[in-house]
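The structure appears below as structure tokens.
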Amino acid sequence: MRRPRSAIAWMNPEDGDDRPEEAAAAAGAGDAAGASSSSSVAAQGQHQPLEWRFAQVFGERAAGEDVQEVDIISAIEFDKSGDHLATGDRGGRVVLFERTDVRDNASRRELERQDAPITKHPEFRYKTEFQSHEPEFDYLKSLEIEEKINQIRWCQTANNSLSLLSTNDKTIKYWKVQEKKVKQVSVMNLDNSRSVGAGATYASTSSSRALLPNGGCSDKSSCLNSDILFPPGGYPSLRLPVVSSHDVNLVARCRRVYAHAHDYHINSISMNSDGVTFISVDDLRVLLWNLEINSQSFNIIDVKPANMEDLTEVITCAEFHPTQCNTLAYSSSKGSIRLIDLRQSALCDNHSKIFEEHEAPGSRSFFTEIIASISDIKFARDGRYILSRDYMTLKLWDINMDSGPVSTFQVHEHLRPKLCDLYENDSIFDKFECCLSGDGLRVATGSYGNLFRVFGCTPGSTEATTLEASRNPMRRQIVNPTRPARTLTSLARGVRRGGENQGVDANGNSLDFSTKLLHLAWHPMENSIACAAANSLYMYYA
Amino acid sequence: MATNDEPLYPIAILIDELKNEDIQLRLNSIRRLSTIARALGEERTRKELIPFLSENNDDEDEVLLAMAEELGVFIPYVGGVEHAHVLLPPLEALCTVEETCVRDKAVESLCRIGAQMKESDIVDWFVPVVKRLAAGEWFTARVSSCGLFHIAYPSASDQLKAELRNIYGQLCQDDMPMVRRAAASNLGKFAATVEQNYLKTEIMSIFDDLTQDDQDSVRLLAVEGCAALGKLLEPQDCVAHILPVIVNFSQDKSWRVRYMVANQLYELCEAVGPEHSREHLVPAYVRLLRDNEAEVRIAAAGKVTKFCKILSPQLAVQHILPCVKELSSDSSQHVRSALASVIMGMAPVLGKDATIEQLLPIFLSLLKDEFPDVRLNIISKLDQVNQVIGIDLLSQSLLPAIVELAEDRHWRVRLAIIEYIPLLASQLGVGFFDDKLGALCMQWLEDKVFSIRDAAANNLKRLAKEFGPEWAMQHIIPQVLEKINNPHYLYRMTILQAISLLAPVMGAEITCQKLLPVVINSSKDRVPNIKFNVAKVLQALIPILDHSVVEKTVKPCLVELSEDPDVDVRYYANQALQACDQIMMSS
């Protein structure tokens with residue numbers, strides 16, 4: 001590992017010294033909410049806004065600690081089952097987390113023993129990490145290639161190993177993470193002088209010699225063997241190396257590298273439902289790859305004009321349909337989403353559907369085009385809806401309705417008067433991601449001040465929650481003008497915490513544009529969100 | 001111990017290195033697994049080596065691949081066929097790894113072993129492996145199982161056979177597209193072992209499901225299944241079951257599936273027989289030739305000749321030829337290129353009159369195509385049309401096409417046409433060649449690009465072979481030797497190269513009289529590169545020349561070069577001198 005992560009403590013709340021207080025708070029909140037809403041849950045069903053609670057934090061920043069640029073998280077992705085979570089950072093590392101509350105009974109029992117409330121929410125623990133990308137230099141173009149992980153996509157698990165694709169600006173890598181036995185060769189044919197040297201080589205642990213009860217055995221056997229003559233038909237004196245393994249190590253191995261195919265920066269990658277092809281997408285082109293073949297790819301979409309001066313629109317993101325192998329959607333800097341049918345032709349420069357919203361005439365301003373640019377699109381799990389995020393809004397589209405979005409959610413309308421400042425400090429070009437819940441009932445996206453918002457997207461839902469990526473996600477809730485506070489506990493807390501906030505504007509929102517929450521992911525099965533605030537990974541459940 | 005047992009020492013190392021840290025050494029040991037097995041003896045191989053290998057399945061993919069391959073031929077080392085089953089567990093483990101090529105190799109080895117096993121052993125050992133893999137938790141195991149059914153099935157009892165068919169049916173409906181793909185691509189092999197009555201019922205219903213799969217990638221593999229199953233079914237069943245599927249596939253929504261049909265068309269025609277092809281597949285093929293997607297047209301155009309061979313000439317003229325005419329002016333250059341590469345083969349199919357009347361205009365228009373590949377493809381197949389209508393009708397258009405290609409600004413195009421010059425020369429005859437092409441061949445010797453000059457020199461050799469030394473004396477040698485005075489040393493070097501190539505063809509006398517003096521003269525060149533190339537050429541000429549000439553002329557020249565101030569010249573001169581001495585000694 002190039003940069004050990006020693007500076008950051010990967011910790012669960014259980015390990016934290018403030019655990020009792022936190023558990024009590026969570027329990028208290030849970031009781032209150034449970035008491036007030038248990039009867040109404042059934043009646044209101046999906047319209048009931050979710051009560052979000054803090055679950056875990058990894059890599060929490062201590063007070064006054066500086067965030068290292070390389071530690072800032074740049075990608076988050078749950079796998080299909082939701083049992084694993086991967087994050088990528090600007091230092092080119094990929095960190096894997098695994099869910100502990102379903103499979104691992106030991107930790108559950110431990111939890112119960114600790115008298116903690118039995119919470120049925122996903123809990124994760126650090127699993128492993130590896131250096132996916134290194135900084136490179138393109139000598140032909142005199143360009144530095146950052147190691148920052150732009151995106152991670154999980155692939156089909158096979159043979160008990162985890163597979164994922166990670167990409168930086170130029171190169172996609174296919175990783176396999178597998179448990180590997182730490183091997184210790186203890187019996188060799190050749191004399192001990194050799195076996196001491198060679199025998200210990202297989203294990204990296206320095207204490208391996210002591211671990212071995214048969215360490216002396218190897219010497220004895222070689223003495224014995226030297227006296228024996230060879231009988232006909234096989235030499236009994238020959239022996240196979242005896243391997244003892246004590247530990248298993250998680251080893252990440254790069255299976256394939258898909259390089260030198262992109263002239264521009266890769267903004268997204270997406271796996272096809274056929275399990276063997278994927279696309280990689282840069283500003284102007286979409287390339288189709290086969291996982292098994294890294295020597296060729298097919299340029300299926302090319303929006304590069306003959307003359308670069310005619311360039312008016314770039315591709316910002318693309319994703320395959322979750323089940324239809326032939327459908328692919330890509331978004332553009334002009335705010336449109338195009339649906340492609342790969343069956344129609346080999347070159348997919350013509351879309352089969354286009355989704356865009358024409359703004360009302362007269363509302364145009366200098367910023368209209370900039371804020372229309374779509375930074376992320378996601379298919380809902382059933383493939384019927386597409387969620388898109390532009391600078392100011394989240395939009396939900398029905399792929400059967402191309403006249404306009406089904407719903408539009410204002411993410412941070414209070415920033416509209418400040419677009420000029422946001423333009424000046426380049427924040428207006430920030431690329432916020434978005435996500436949908438597994439059941440497709442809610443959507444979420446990030447904002448500034450480490451805030452993120454969750455909206456209910458069923459017809460008639462007024463759910464619009466603002467949460468802060470901190471140990472106390474609901475503290476900003478009271479000042480959210482879109483809906484009144486529901487419960488006394490949150491009101492009380494809101495008031496109490498609200499007073500502490502310095503540098504908060506009239507709307508209760510911080511104007512700190514450097515603390516932006518760009519990356520977040522919704523657990524595929526449950527109401528659980530993982531989001532990145534700088535170098536910290538916060539997880540919430542409802 | 002091994003230090004004392006000298007003969008065992010290498011084997012002992014080999015065995016120890018099975019667990020070496022260095023992957024190259026492990027790989028080396030695995031590749032010599034048979035040696036290790038022989039040294040251990042059959043019994044210990046069974047009891048120790050094979051279990052040892054079974055535990056080794058988390059090694060690097062390269063090692064696993066080598067292991068999968070070695071185990072496939074391991075039966076002799078475990079004590080013969082009756083012990084073959086001990087080899088199954090390690091291969092079964094390898095059938096589940098993520099890397100496709102390892103799995104494929106393990107399946108191949110399992111099939112190889114299974115093919116040798118006794119029937120009862122298959123039932124006792126092999127079938128359980130297949131069933132375990134087919135029920136495997138990970139898709140990799142299920143994928144591998146699909147390739148094993150055709151080995152297991154024939155030996156199984158009726159009840160077991162029914163079970164195996166049932167399992168295969170489930171694999172064809174697996175959740176994972178990868179498994180369905182493997183099932184689709186192995187269906188033909190499996191079906192070949194299934195009894196005719198089950199073939200028509202169970203297998204065909206499995207197949208029908210595959211042909212309607214949601215995943216394009218599964219359907220396009222089912223296209224290959226059409227050909228495989230068609231050959232197994234009786235003709236009337238084939239027409240009833242397979243033909244409609246093919247016609248449907250040829251109109252599939254996905255261009256990739258249609259491409260597959262176009263690509264496999266000949267095999268599909270073979271499966272349904274010529275009669276039904278004529279009747280039912282001609283409309284399908286015409287649709288493919290006019291497909292919206294260029295990739296499909298490329299595949300279809302490439303099969304024009306093969307398809308027409310199945311049809312009667314009238315049908316070909318009536319249905320296919322109009323499409324061919326359209327394709328010859330297709331908007332995609334790749335379609336035209338694919339057409340050009342096969343269209344000459346239609347001449348023998350259609351006969352002389354139809355060729356002159358119908359095909360010739362197409363040839364001529366393709367010869368004038370703006371895309372060099374199209375023209376090259378026509379020229380490369382010239383012999384086929386020559387046999388039918390002679391070359392005269394084409395020669396008027398040929399020459400401008402050749403000249404244009406010869407002067408194309410892309411050197412690869414020039415290189416390609418040079419390759420065809422000997423073919424053209426043989427087809428066009430000496431007279432035409434002398435008039436028109438001779439000058440081109442000389443011009444290429446002075447091309448800007450080395451590869452072209454190199455190919456030009458080779459071309460001269462092939463021409464000299466084709467037309468004989470006498471002709472070469474008149475038409476090649478004088479022109480070539482003249483160019484040795486070129487002011488640029490790279491061109492002079494090309495001439496030296498040409499001389500060394502021509503000499504063996506021209507024989508001792510001409511070499512001695514005409515070529516050698518030029519080479520000797522060049523040894524006085526001011527450029528060292530020329531001088532050491534002279535040494536190299538002389539070395540090449542030694543076997544051709546008389547000993548007296550070598551003594552009198554070659555050796556003194558080499559001796560002089562061996563005292564050259566330039567180190568490289570001295571090096572090559574000395575090498576040539578050594579070769580000289582060796583030849584003198586040996587004779």
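Ligands are numbered from 1 in the order shown, residues from 1 within each chain, and chains are lettered A, B, ... in the order they appear in the structure tokens.
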Checklist line | Those in stretch 85-134 of chain B with alpha helix (DSSP H) from DSSP, as number ranges by chain | finding: B: 88-94, 100-116, 119-121, 127-134
Checklist line | Residues within 9 Å of stretch 390-400 of chain B, only C-alpha atoms, excluding chain neighbours under 4 positions, as a PyMOL selection string | finding: chain B and resi 356+360+363-364+367-368+379+382-383+385-386+404-405+427-428+436-437
Item checked: Nearest candidate to A:Thr312 (options A:Ile172, A:Ala329, A:Val182, A:Ile370; using only C-alpha atoms) -> A:Ile370
Item checked: Expected answer as a PyMOL selection string: chain B residues within 9 Å of chain A, only C-alpha atoms -> chain B and resi 1-5+8-9+11-13+15-21+37-44+48-49+52+58-59+96-100+137-141+176-178+214-218+253-257+292-295
Next item on the list: Would you list the contacts of stretch 65-67 of chain B as a VMD selection string, taking every protein, DNA or RNA residue within 10 Å and counting only C-alpha atoms, but skipping same-chain residues closer than 2 positions in sequence?
Entry: chain B and resid 27 to 33 53 56 to 57 59 to 63 69 to 72 90 to 91 94 99 to 106
Next item on the list: Between A:Leu518, A:Leu467, A:Ile399, A:Met474, single out the one closest to A:Phe429, counting only C-alpha atoms.
Entry: A:Leu518
Taking a cut-off of 12 Å and counting only C-alpha atoms, can you build a table that, for each residue of stretch 336-433 of chain A near stretch 132-155 of chain A, reports the nearest atom pair and how far apart they are in Å (one decimal), sorted by chain then residue number, as CSV?
```
residue,atom,partner,partner_atom,distance
A:Asp376,CA,A:Gln151,CA,11.6
A:Lys431,CA,A:Asn150,CA,11.2
A:Glu433,CA,A:Gln151,CA,11.0
```
With C-alpha atoms retained, write the just-selected residues as an mmCIF file, in the first residue's frame.
```cif
data_model
loop_
_atom_site.group_PDB
_atom_site.id
_atom_site.type_symbol
_atom_site.label_atom_id
_atom_site.label_comp_id
_atom_site.auth_asym_id
_atom_site.auth_seq_id
_atom_site.Cartn_x
_atom_site.Cartn_y
_atom_site.Cartn_z
ATOM 1 C CA ASP A 376 -25.752 11.626 -12.871
ATOM 2 C CA LYS A 431 -21.111 16.759 -10.060
ATOM 3 C CA GLU A 433 -24.732 11.908 -7.717
#
```
Margin query: Based on the backbone DSSP call, show me all residues of stretch 320-522 of chain A assigned strand (DSSP E), as a ChimeraX atom specification.
Written below: /A:320,327-332,337-341,353-355,376-379,385-389,393-398,407-410,434-436,442-446,451-456,464-468,520-522
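Across the model, the gap from atom CA of A:Phe320 to atom CA of A:Ser268 is 10.9 Å.
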Checklist line | 10 Å contact set for stretch 385-391 of chain A, only C-alpha atoms, chain neighbours under 3 positions out, as a ChimeraX atom specification | finding: /A:317,319,321,329,331,333-337,355,370-382,394-401,405-412,427-436,440,443-447
Checklist line | Residues within 7 Å of A:Thr277, only C-alpha atoms, excluding chain neighbours under 2 positions, as number ranges by chain | finding: A: 271-272, 274-275, 288-291
The selected residues should be written to file as a compact mmCIF listing (two decimals), in the first residue's frame (atoms: all heavy atoms).
```txt
# COMPACT_ATOMS: atom_id res chain seq x y z
N MET A 271 -22.25 -2.06 -16.08
CA MET A 271 -22.29 -3.46 -16.50
C MET A 271 -23.60 -3.76 -17.20
O MET A 271 -24.65 -3.27 -16.80
CB MET A 271 -22.23 -4.38 -15.27
CG MET A 271 -20.87 -4.63 -14.70
SD MET A 271 -19.73 -5.46 -15.82
CE MET A 271 -20.52 -7.04 -16.05
N ASN A 272 -23.54 -4.60 -18.22
CA ASN A 272 -24.76 -5.04 -18.88
C ASN A 272 -25.37 -6.20 -18.11
O ASN A 272 -24.67 -6.94 -17.41
CB ASN A 272 -24.41 -5.49 -20.30
CG ASN A 272 -25.64 -5.72 -21.14
OD1 ASN A 272 -26.36 -6.68 -20.95
ND2 ASN A 272 -25.88 -4.83 -22.07
N ASP A 274 -26.24 -8.87 -19.24
CA ASP A 274 -25.77 -10.17 -19.74
C ASP A 274 -24.58 -10.69 -18.95
O ASP A 274 -24.14 -11.82 -19.14
CB ASP A 274 -25.46 -10.12 -21.24
CG ASP A 274 -24.26 -9.26 -21.58
OD1 ASP A 274 -23.56 -8.81 -20.66
OD2 ASP A 274 -24.02 -9.02 -22.77
N GLY A 275 -24.04 -9.85 -18.06
CA GLY A 275 -22.99 -10.29 -17.16
C GLY A 275 -21.61 -10.33 -17.78
O GLY A 275 -20.64 -10.66 -17.10
N LEU A 288 -17.97 -0.11 -25.85
CA LEU A 288 -18.52 -1.37 -25.37
C LEU A 288 -17.40 -2.40 -25.29
O LEU A 288 -16.66 -2.60 -26.24
CB LEU A 288 -19.61 -1.84 -26.34
CG LEU A 288 -20.33 -3.15 -26.00
CD1 LEU A 288 -21.21 -2.98 -24.77
CD2 LEU A 288 -21.18 -3.60 -27.17
N TRP A 289 -17.30 -3.03 -24.12
CA TRP A 289 -16.23 -4.01 -23.88
C TRP A 289 -16.82 -5.36 -23.53
O TRP A 289 -17.93 -5.45 -23.01
CB TRP A 289 -15.37 -3.61 -22.69
CG TRP A 289 -14.69 -2.30 -22.75
CD1 TRP A 289 -15.23 -1.08 -22.45
CD2 TRP A 289 -13.33 -2.06 -23.12
NE1 TRP A 289 -14.27 -0.11 -22.59
CE2 TRP A 289 -13.10 -0.67 -23.00
CE3 TRP A 289 -12.26 -2.88 -23.51
CZ2 TRP A 289 -11.87 -0.09 -23.27
CZ3 TRP A 289 -11.04 -2.30 -23.78
CH2 TRP A 289 -10.86 -0.92 -23.67
N ASN A 290 -16.03 -6.39 -23.75
CA ASN A 290 -16.30 -7.69 -23.16
C ASN A 290 -15.33 -7.84 -21.99
O ASN A 290 -14.14 -7.58 -22.13
CB ASN A 290 -16.05 -8.78 -24.22
CG ASN A 290 -16.44 -10.14 -23.73
OD1 ASN A 290 -16.14 -10.52 -22.60
ND2 ASN A 290 -17.12 -10.90 -24.57
N LEU A 291 -15.85 -8.27 -20.85
CA LEU A 291 -14.99 -8.40 -19.67
C LEU A 291 -13.77 -9.27 -19.92
O LEU A 291 -12.71 -9.07 -19.35
CB LEU A 291 -15.79 -9.05 -18.52
CG LEU A 291 -16.52 -8.15 -17.53
CD1 LEU A 291 -17.19 -9.01 -16.49
CD2 LEU A 291 -15.56 -7.19 -16.87
```
